[in-house]
Amino acid sequence: MDHFTIWDYLVFAAMLLVSAAIGIYYAFAGGGQKTPKDFLVGGRRMSALPVAISLTASFMSAITVLGTPAEVYRFGAMFCIFAIAYSLVVLCSAEIFLPVFYKLGITSTYEYLELRFNKYLRLCGTVLFIIQTILYTGIVIYAPALALNQVTGFNLWGAVVTTGVVCTFYCTLGGLKAVVWTDVFQVGIMVAGFSSVIIRAVVVQEGIGRIINDSYYGGRLNFWDFNPNPLQRHTFWTIVIGGTFTWTGIYGVNQSQVQRYIACKNRFHAKMSLYINLLGLWMILACAALCGLALYSIYKDCDPWSAKKVSAFDQLMPYLVMDILHEFPGLPGLFVASAYSGTLSTVSSSINALAAVTVEDLIKPNFRSLSEKKLSWISMGMSLFYGGVCIAMAALASVMGALLQAALSIFGMIGGPLLGLFSLGILFSFANGIGAFVGLVSGFIISLWVGIGSQIYPPLPERTKPLYLSTAGCNISSGNLTSTESPLTTVLNTPAAERPALADNWYSLSYLYFSTLGTLTAVVVGIIISLLTGGLKQKADRKFLLTKEDFLSNFSRSESEKPEEVLKQFTTASEGTDNPAFSHIEMDVASNNSKVN
């Protein structure tokens with residue numbers, strides 16, 4: 001297999017340079033990052049389209065670019081049912097969570113937990129978010145670097161360190177604006193990378209009809225499986241129900257995503273950013289699924305994994321790229337640039353979100369005397385610090401081996417109980433702090449129990465249903481890769497004889513239901529404990545709940561463009577009032593009017 005050429009390295013370097021240049025531009029454009037608000041939420045003056053593309057980009061990590069086509073190749077195109085789940089996720093996020101977060105004018109979503117419940121729950125949410133994000137980000141940097149290195153010969157640690165450094169550079173200099181606009185550029189690169197593979201595969205296979213035909217007869221077009229069994233890995237129900245809960249935990253309440261849409265200049269733009277983003281999600285899903293079908297069509301008679309040409313399924317896409325694009329200098333580099341664009345967009349959103357929650361939830365409440373200028377410098381320092389931590393986490397991931405998959409699953413397991421906690425606050429006026437805390441802990445215990453159990457005792461093939469892969473047309477002796485630990489598909493393998501009774505029922509629950517289980521446990525336990533501890537006697541402020549007015553005025557552009565003022569005792573005066581649509585003049589008019597009133 002051919003390795004990288006100088007042209008491929010040049011294409012990859014150009015992607016990094018443009019990303020860094022965007023950071024330098026936003027460090028100085030419009031007077032630079034003078035306040036924490038400028039740095040963390042772009043001065044709340046972003047418009048819908050770039051934010052929508054940024055939401056799509058931060059969702060699309062390199063794990064998606066490499067993993068989704070391999071998923072379709074191995075298990076079939078049922079993964080496309082996620083298109084329905086994404087629609088429900090965007091609907092829930094836009095209509096339930098966004099109205100409440102936006103009208104409060106908060107920067108950190110965990111600020112809401114103190115306003116609605118107490119400061120201890122805010123601290124719980126913040127610490128959990130920091131832990132899960134650092135863990136996940138290290139894997140996002142390291143795993144694709146390993147997969148690409150083993151197939152293309154692309155320098156492993158050179159790639160890890162340069163992507164980490166460039167990412168930290170533009171996050172620290174340009175703040176959220178730089179993150180959003182580099183995401184826009186990187187989505188373009190991702191689509192170009194996917195397109196080059198799809199177009200070349202169609203040419204090689206002499207038309208898309210042959211790809212679809214091969215996929216049909218190979219059992220890959222298996223969209224509709226309505227088996228209600230929750231133990232089966234992917235069915236219509238596990239993807240639609242479980243997928244909706246899993247991704248609502250990210251789109252609805254995760255700081256990385258919420259921080260973007262609350263940076264919009266008004267609620268109309270915030271809403272539209274989520275709905276436009278849905279089109280982006282569908283497009284990327286369609287591209288990844290097509291790549292997976294092309295993979296199957298080309299290798300239907302000689303599976304590279306069975307023939308030991310690759311050592312893990314996530315190396316299939318780089319293998320295909322080097323196989324069909326090696327004659328075109330620069331195109332393998334474009335695909336690698338698209339995979340790393342996925343990494344950069346995810347890591348930059350994580351660094352920016354980590355800086356935001358640290359400043360808003362840990363520093364500001366404890367050091368109230370700090371000036372805006374100092375807080376702005378601290379925000380930049382936090383970006384720099386978390387960039388270094390994420391690179392260090394990638395180095396740690398390289399020696400963690402089989403724990404990688406466990407850490408990746410824990411990221412999903414933490415999202416469910418947190419989604420349950422926010423749902424309690426926003427939807428149930430009688431939920432109190434005691435109920436919320438007990439609900440959160442219960443949700444964690446349940447989802448961690450089943451999640452870690454499923455890592456120790458992986459589900460048997462009859463639950464995961466991998467499809468048939470042939471090596472009939474292979475020259476098996478041509479294998480060119482020794483088997484190494486897979487970065488994404490390694491699990492803690494246990495001999496079948498040692499499996500306890502729980503392993504084949506409780507621990508075999510579809511991984512998509514982990515988040516659902518955590519959310520529902522947190523909500524149900526939270527409701528019961530709140531009712532038992534006098535929740536009906538408390539009077540929750542309507543501004544912390546989803547109200548009929550929030551629902552009815554969703555798309556009105558004439559509504560008040562600025563979020564309400566948050567309770568004075570919790571925030572400084574600048575936090576709840578300053579969401580100017582276009583200029584600071586409007587701010588002055590608003591404040592003068594309030595003085596007259």
# chains A, B, ... in the order shown; residues from 1 in each chain; ligands from 1
>>> residues_around(residues="A:Ala83", least_positions_apart="6", cutoff="12 Å", atoms="only C-alpha atoms", output="PDB file with N, CA, C and O atoms, in the first residue's frame")
ATOM      1  N   ALA A  77     -26.909  -0.513   6.551  1.00  0.00           N
ATOM      2  CA  ALA A  77     -27.310   0.901   6.480  1.00  0.00           C
ATOM      3  C   ALA A  77     -28.407   1.275   7.474  1.00  0.00           C
ATOM      4  O   ALA A  77     -28.959   2.373   7.400  1.00  0.00           O
ATOM      5  N   VAL A  89     -34.160  15.066  18.240  1.00  0.00           N
ATOM      6  CA  VAL A  89     -33.185  15.722  19.126  1.00  0.00           C
ATOM      7  C   VAL A  89     -33.252  17.242  18.939  1.00  0.00           C
ATOM      8  O   VAL A  89     -33.318  18.003  19.913  1.00  0.00           O
ATOM      9  N   VAL A  90     -33.238  17.679  17.675  1.00  0.00           N
ATOM     10  CA  VAL A  90     -33.270  19.117  17.380  1.00  0.00           C
ATOM     11  C   VAL A  90     -34.590  19.721  17.860  1.00  0.00           C
ATOM     12  O   VAL A  90     -34.617  20.816  18.436  1.00  0.00           O
ATOM     13  N   PHE A 223     -32.702  -1.445   6.357  1.00  0.00           N
ATOM     14  CA  PHE A 223     -33.169  -0.267   7.110  1.00  0.00           C
ATOM     15  C   PHE A 223     -34.189  -0.614   8.199  1.00  0.00           C
ATOM     16  O   PHE A 223     -34.149  -0.064   9.279  1.00  0.00           O
ATOM     17  N   PHE A 236     -34.929  -0.371  14.805  1.00  0.00           N
ATOM     18  CA  PHE A 236     -35.608   0.919  14.598  1.00  0.00           C
ATOM     19  C   PHE A 236     -35.839   1.601  15.944  1.00  0.00           C
ATOM     20  O   PHE A 236     -35.607   2.807  16.107  1.00  0.00           O
ATOM     21  N   ILE A 239     -32.577   2.819  17.920  1.00  0.00           N
ATOM     22  CA  ILE A 239     -31.967   4.007  17.301  1.00  0.00           C
ATOM     23  C   ILE A 239     -32.837   5.244  17.508  1.00  0.00           C
ATOM     24  O   ILE A 239     -32.335   6.308  17.887  1.00  0.00           O
ATOM     25  N   VAL A 240     -34.164   5.099  17.303  1.00  0.00           N
ATOM     26  CA  VAL A 240     -35.045   6.277  17.417  1.00  0.00           C
ATOM     27  C   VAL A 240     -35.199   6.705  18.885  1.00  0.00           C
ATOM     28  O   VAL A 240     -35.036   7.894  19.208  1.00  0.00           O
ATOM     29  N   GLY A 243     -31.313   6.696  20.580  1.00  0.00           N
ATOM     30  CA  GLY A 243     -30.528   7.740  19.913  1.00  0.00           C
ATOM     31  C   GLY A 243     -31.007   9.134  20.273  1.00  0.00           C
ATOM     32  O   GLY A 243     -30.201  10.059  20.456  1.00  0.00           O
ATOM     33  N   THR A 244     -32.330   9.291  20.406  1.00  0.00           N
ATOM     34  CA  THR A 244     -32.887  10.610  20.773  1.00  0.00           C
ATOM     35  C   THR A 244     -32.431  11.028  22.168  1.00  0.00           C
ATOM     36  O   THR A 244     -31.987  12.157  22.378  1.00  0.00           O
ATOM     37  N   TRP A 247     -28.462  11.769  22.180  1.00  0.00           N
ATOM     38  CA  TRP A 247     -28.007  13.016  21.545  1.00  0.00           C
ATOM     39  C   TRP A 247     -28.683  14.254  22.126  1.00  0.00           C
ATOM     40  O   TRP A 247     -28.128  15.345  22.055  1.00  0.00           O
ATOM     41  N   LEU A 278     -29.708  20.727  11.479  1.00  0.00           N
ATOM     42  CA  LEU A 278     -30.288  19.416  11.181  1.00  0.00           C
ATOM     43  C   LEU A 278     -29.991  19.006   9.732  1.00  0.00           C
ATOM     44  O   LEU A 278     -29.678  17.844   9.460  1.00  0.00           O
ATOM     45  N   LEU A 279     -30.054  19.970   8.817  1.00  0.00           N
ATOM     46  CA  LEU A 279     -29.747  19.679   7.409  1.00  0.00           C
ATOM     47  C   LEU A 279     -28.293  19.223   7.274  1.00  0.00           C
ATOM     48  O   LEU A 279     -27.982  18.303   6.514  1.00  0.00           O
ATOM     49  N   GLY A 280     -27.392  19.873   8.030  1.00  0.00           N
ATOM     50  CA  GLY A 280     -25.978  19.496   8.024  1.00  0.00           C
ATOM     51  C   GLY A 280     -25.778  18.073   8.531  1.00  0.00           C
ATOM     52  O   GLY A 280     -24.994  17.296   7.958  1.00  0.00           O
ATOM     53  N   LEU A 281     -26.498  17.722   9.615  1.00  0.00           N
ATOM     54  CA  LEU A 281     -26.375  16.374  10.181  1.00  0.00           C
ATOM     55  C   LEU A 281     -26.825  15.322   9.163  1.00  0.00           C
ATOM     56  O   LEU A 281     -26.181  14.283   9.000  1.00  0.00           O
ATOM     57  N   TRP A 282     -27.949  15.601   8.481  1.00  0.00           N
ATOM     58  CA  TRP A 282     -28.458  14.664   7.469  1.00  0.00           C
ATOM     59  C   TRP A 282     -27.446  14.493   6.335  1.00  0.00           C
ATOM     60  O   TRP A 282     -27.226  13.397   5.844  1.00  0.00           O
ATOM     61  N   MET A 283     -26.839  15.630   5.914  1.00  0.00           N
ATOM     62  CA  MET A 283     -25.890  15.578   4.799  1.00  0.00           C
ATOM     63  C   MET A 283     -24.666  14.730   5.158  1.00  0.00           C
ATOM     64  O   MET A 283     -24.241  13.867   4.382  1.00  0.00           O
ATOM     65  N   ILE A 284     -24.096  14.972   6.353  1.00  0.00           N
ATOM     66  CA  ILE A 284     -22.909  14.217   6.780  1.00  0.00           C
ATOM     67  C   ILE A 284     -23.250  12.734   6.940  1.00  0.00           C
ATOM     68  O   ILE A 284     -22.476  11.853   6.557  1.00  0.00           O
ATOM     69  N   LEU A 285     -24.440  12.449   7.494  1.00  0.00           N
ATOM     70  CA  LEU A 285     -24.873  11.054   7.669  1.00  0.00           C
ATOM     71  C   LEU A 285     -24.993  10.360   6.306  1.00  0.00           C
ATOM     72  O   LEU A 285     -24.545   9.220   6.136  1.00  0.00           O
ATOM     73  N   ALA A 286     -25.573  11.058   5.333  1.00  0.00           N
ATOM     74  CA  ALA A 286     -25.738  10.486   3.987  1.00  0.00           C
ATOM     75  C   ALA A 286     -24.370  10.209   3.354  1.00  0.00           C
ATOM     76  O   ALA A 286     -24.151   9.150   2.755  1.00  0.00           O
ATOM     77  N   ALA A 289     -22.748   7.186   5.122  1.00  0.00           N
ATOM     78  CA  ALA A 289     -23.420   5.934   4.764  1.00  0.00           C
ATOM     79  C   ALA A 289     -23.036   5.506   3.343  1.00  0.00           C
ATOM     80  O   ALA A 289     -22.778   4.330   3.085  1.00  0.00           O
TER      81      ALA A 289
END
>>> atom_distance(atom1="atom CA of A:Ser273", atom2="atom CA of A:Thr519")
25.5 Å
>>> closest_residue(among="A:Gly125, A:Gly43, A:Pro36, A:Gly218", to="A:Tyr468", atoms="only C-alpha atoms")
A:Gly218
>>> select_by_dssp(residues="stretch 259-388 of chain A", states="helix (DSSP H, G or I)", output="VMD selection string")
chain A and resid 259 to 261 267 to 299 313 to 325 331 to 363 372 to 388
>>> closest_atom_pairs(of="stretch 329-415 of chain A", to="stretch 105-121 of chain A", cutoff="7 Å", atoms="only C-alpha atoms", output="JSON lines")
{"residue": "A:Ala356", "atom": "CA", "partner": "A:Ser108", "partner_atom": "CA", "distance": 6.5}
{"residue": "A:Val357", "atom": "CA", "partner": "A:Ser108", "partner_atom": "CA", "distance": 5.5}
{"residue": "A:Glu360", "atom": "CA", "partner": "A:Ser108", "partner_atom": "CA", "distance": 6.3}
{"residue": "A:Asp361", "atom": "CA", "partner": "A:Glu111", "partner_atom": "CA", "distance": 6.7}
>>> write_last_selection(atoms="all heavy atoms", output="mmCIF file, in the first residue's frame")
data_model
loop_
_atom_site.group_PDB
_atom_site.id
_atom_site.type_symbol
_atom_site.label_atom_id
_atom_site.label_comp_id
_atom_site.auth_asym_id
_atom_site.auth_seq_id
_atom_site.Cartn_x
_atom_site.Cartn_y
_atom_site.Cartn_z
ATOM 1 N N ALA A 356 -15.190 28.093 29.560
ATOM 2 C CA ALA A 356 -16.411 28.803 29.981
ATOM 3 C C ALA A 356 -16.912 28.326 31.340
ATOM 4 O O ALA A 356 -17.199 29.137 32.221
ATOM 5 C CB ALA A 356 -17.506 28.629 28.925
ATOM 6 N N VAL A 357 -17.007 26.998 31.520
ATOM 7 C CA VAL A 357 -17.545 26.514 32.796
ATOM 8 C C VAL A 357 -16.573 26.783 33.943
ATOM 9 O O VAL A 357 -16.999 27.047 35.068
ATOM 10 C CB VAL A 357 -17.931 25.006 32.761
ATOM 11 C CG1 VAL A 357 -19.022 24.738 31.754
ATOM 12 C CG2 VAL A 357 -16.740 24.120 32.492
ATOM 13 N N GLU A 360 -17.004 30.664 34.624
ATOM 14 C CA GLU A 360 -18.345 31.034 35.110
ATOM 15 C C GLU A 360 -18.740 30.323 36.402
ATOM 16 O O GLU A 360 -19.405 30.894 37.248
ATOM 17 C CB GLU A 360 -19.394 30.735 34.020
ATOM 18 C CG GLU A 360 -19.279 31.610 32.799
ATOM 19 C CD GLU A 360 -19.589 33.078 33.080
ATOM 20 O OE1 GLU A 360 -20.483 33.353 33.914
ATOM 21 O OE2 GLU A 360 -18.937 33.943 32.489
ATOM 22 N N ASP A 361 -18.348 29.054 36.536
ATOM 23 C CA ASP A 361 -18.835 28.247 37.662
ATOM 24 C C ASP A 361 -17.849 28.117 38.813
ATOM 25 O O ASP A 361 -18.252 27.882 39.950
ATOM 26 C CB ASP A 361 -19.219 26.836 37.180
ATOM 27 C CG ASP A 361 -20.344 26.872 36.161
ATOM 28 O OD1 ASP A 361 -21.213 27.739 36.285
ATOM 29 O OD2 ASP A 361 -20.336 26.039 35.236
#
>>> atom_distance(atom1="atom CA of A:Met413", atom2="atom CA of A:Thr246")
8.6 Å
>>> residues_around(residues="stretch 430-436 of chain A", least_positions_apart="3", cutoff="12 Å", atoms="only C-alpha atoms", output="ChimeraX atom specification")
/A:113-122,124-125,417-427,439-443,519,521-542,544-545
>>> closest_residue(among="A:Ala29, A:Leu509, A:Ile351, A:Ala288", to="A:Gly387", atoms="only C-alpha atoms")
A:Ile351
>>> residues_around(residues="A:Phe514", least_positions_apart="4", cutoff="7 Å", atoms="only C-alpha atoms", output="list of chain:residue names")
A:Met413, A:Ser447, A:Gly451, A:Gly518
>>> write_last_selection(atoms="all heavy atoms", output="short mmCIF file (atom, residue, chain, number, x, y, z; two decimals), in the first residue's frame")
data_model
loop_
_atom_site.label_atom_id
_atom_site.label_comp_id
_atom_site.auth_asym_id
_atom_site.auth_seq_id
_atom_site.Cartn_x
_atom_site.Cartn_y
_atom_site.Cartn_z
N MET A 413 -22.71 7.64 29.14
CA MET A 413 -23.44 7.31 30.38
C MET A 413 -23.64 8.53 31.27
O MET A 413 -24.63 8.64 31.98
CB MET A 413 -22.68 6.24 31.16
CG MET A 413 -22.68 4.87 30.52
SD MET A 413 -21.68 3.77 31.52
CE MET A 413 -20.35 3.37 30.44
N SER A 447 -26.84 3.70 35.23
CA SER A 447 -26.23 3.73 33.89
C SER A 447 -24.76 3.28 33.94
O SER A 447 -24.28 2.62 33.01
CB SER A 447 -26.36 5.11 33.25
OG SER A 447 -25.75 6.10 34.01
N GLY A 451 -23.44 0.06 31.98
CA GLY A 451 -22.43 0.46 31.00
C GLY A 451 -21.10 -0.24 31.22
O GLY A 451 -20.50 -0.78 30.27
N GLY A 518 -30.48 6.17 32.23
CA GLY A 518 -30.00 7.17 33.19
C GLY A 518 -30.96 8.35 33.32
O GLY A 518 -31.24 8.82 34.43
#
>>> residues_around(residues="A:Lys465", least_positions_apart="5", cutoff="10 Å", atoms="only C-alpha atoms", output="list in words")
Arg74, Phe75, Gly76, Gln232, Arg233, His234 and Leu460 of chain A
>>> closest_atom_pairs(of="stretch 153-265 of chain A", to="stretch 53-61 of chain A", cutoff="6 Å", atoms="only C-alpha atoms", output="JSON lines")
{"residue": "A:Val180", "atom": "CA", "partner": "A:Ser54", "partner_atom": "CA", "distance": 5.2}
{"residue": "A:Asp183", "atom": "CA", "partner": "A:Ser54", "partner_atom": "CA", "distance": 5.0}
{"residue": "A:Val184", "atom": "CA", "partner": "A:Ile53", "partner_atom": "CA", "distance": 5.6}
{"residue": "A:Val187", "atom": "CA", "partner": "A:Ala57", "partner_atom": "CA", "distance": 5.8}
>>> residues_around(residues="A:Val203", least_positions_apart="5", cutoff="12 Å", atoms="only C-alpha atoms", output="PyMOL selection string")
chain A and resi 196-198+208-211+294+298+324-325
>>> residues_around(residues="A:Gly381", least_positions_apart="2", cutoff="12 Å", atoms="only C-alpha atoms", output="number ranges by chain")
A: 36, 39, 168-169, 171-173, 175, 351-352, 354-356, 358-359, 374-379, 383-388
>>> write_last_selection(atoms="C-alpha atoms", output="PDB file, in the first residue's frame")
ATOM      1  CA  PRO A  36     -15.223  37.276  28.985  1.00  0.00           C
ATOM      2  CA  PHE A  39     -14.310  35.541  24.378  1.00  0.00           C
ATOM      3  CA  THR A 168      -5.273  25.483  21.376  1.00  0.00           C
ATOM      4  CA  PHE A 169      -3.703  28.405  19.473  1.00  0.00           C
ATOM      5  CA  CYS A 171      -9.119  28.865  20.683  1.00  0.00           C
ATOM      6  CA  THR A 172      -6.897  30.955  22.975  1.00  0.00           C
ATOM      7  CA  LEU A 173      -6.469  33.856  20.555  1.00  0.00           C
ATOM      8  CA  GLY A 175     -12.372  32.761  21.460  1.00  0.00           C
ATOM      9  CA  ILE A 351     -11.634  23.611  25.024  1.00  0.00           C
ATOM     10  CA  ASN A 352     -13.911  26.661  24.690  1.00  0.00           C
ATOM     11  CA  LEU A 354     -14.181  23.898  29.469  1.00  0.00           C
ATOM     12  CA  ALA A 355     -12.838  27.467  29.718  1.00  0.00           C
ATOM     13  CA  ALA A 356     -16.411  28.803  29.981  1.00  0.00           C
ATOM     14  CA  THR A 358     -14.290  27.021  34.728  1.00  0.00           C
ATOM     15  CA  VAL A 359     -14.562  30.819  34.576  1.00  0.00           C
ATOM     16  CA  LYS A 374      -8.759  40.198  34.223  1.00  0.00           C
ATOM     17  CA  LEU A 375     -11.553  37.681  33.622  1.00  0.00           C
ATOM     18  CA  SER A 376     -10.903  37.948  29.877  1.00  0.00           C
ATOM     19  CA  TRP A 377      -7.208  37.126  30.421  1.00  0.00           C
ATOM     20  CA  ILE A 378      -8.163  34.252  32.763  1.00  0.00           C
ATOM     21  CA  SER A 379     -10.526  32.874  30.074  1.00  0.00           C
ATOM     22  CA  SER A 383      -8.136  27.800  27.022  1.00  0.00           C
ATOM     23  CA  LEU A 384      -4.355  27.427  26.933  1.00  0.00           C
ATOM     24  CA  PHE A 385      -4.393  25.222  30.034  1.00  0.00           C
ATOM     25  CA  TYR A 386      -7.155  22.898  28.783  1.00  0.00           C
ATOM     26  CA  GLY A 387      -5.462  22.615  25.377  1.00  0.00           C
ATOM     27  CA  GLY A 388      -2.365  21.277  27.151  1.00  0.00           C
TER      28      GLY A 388
END
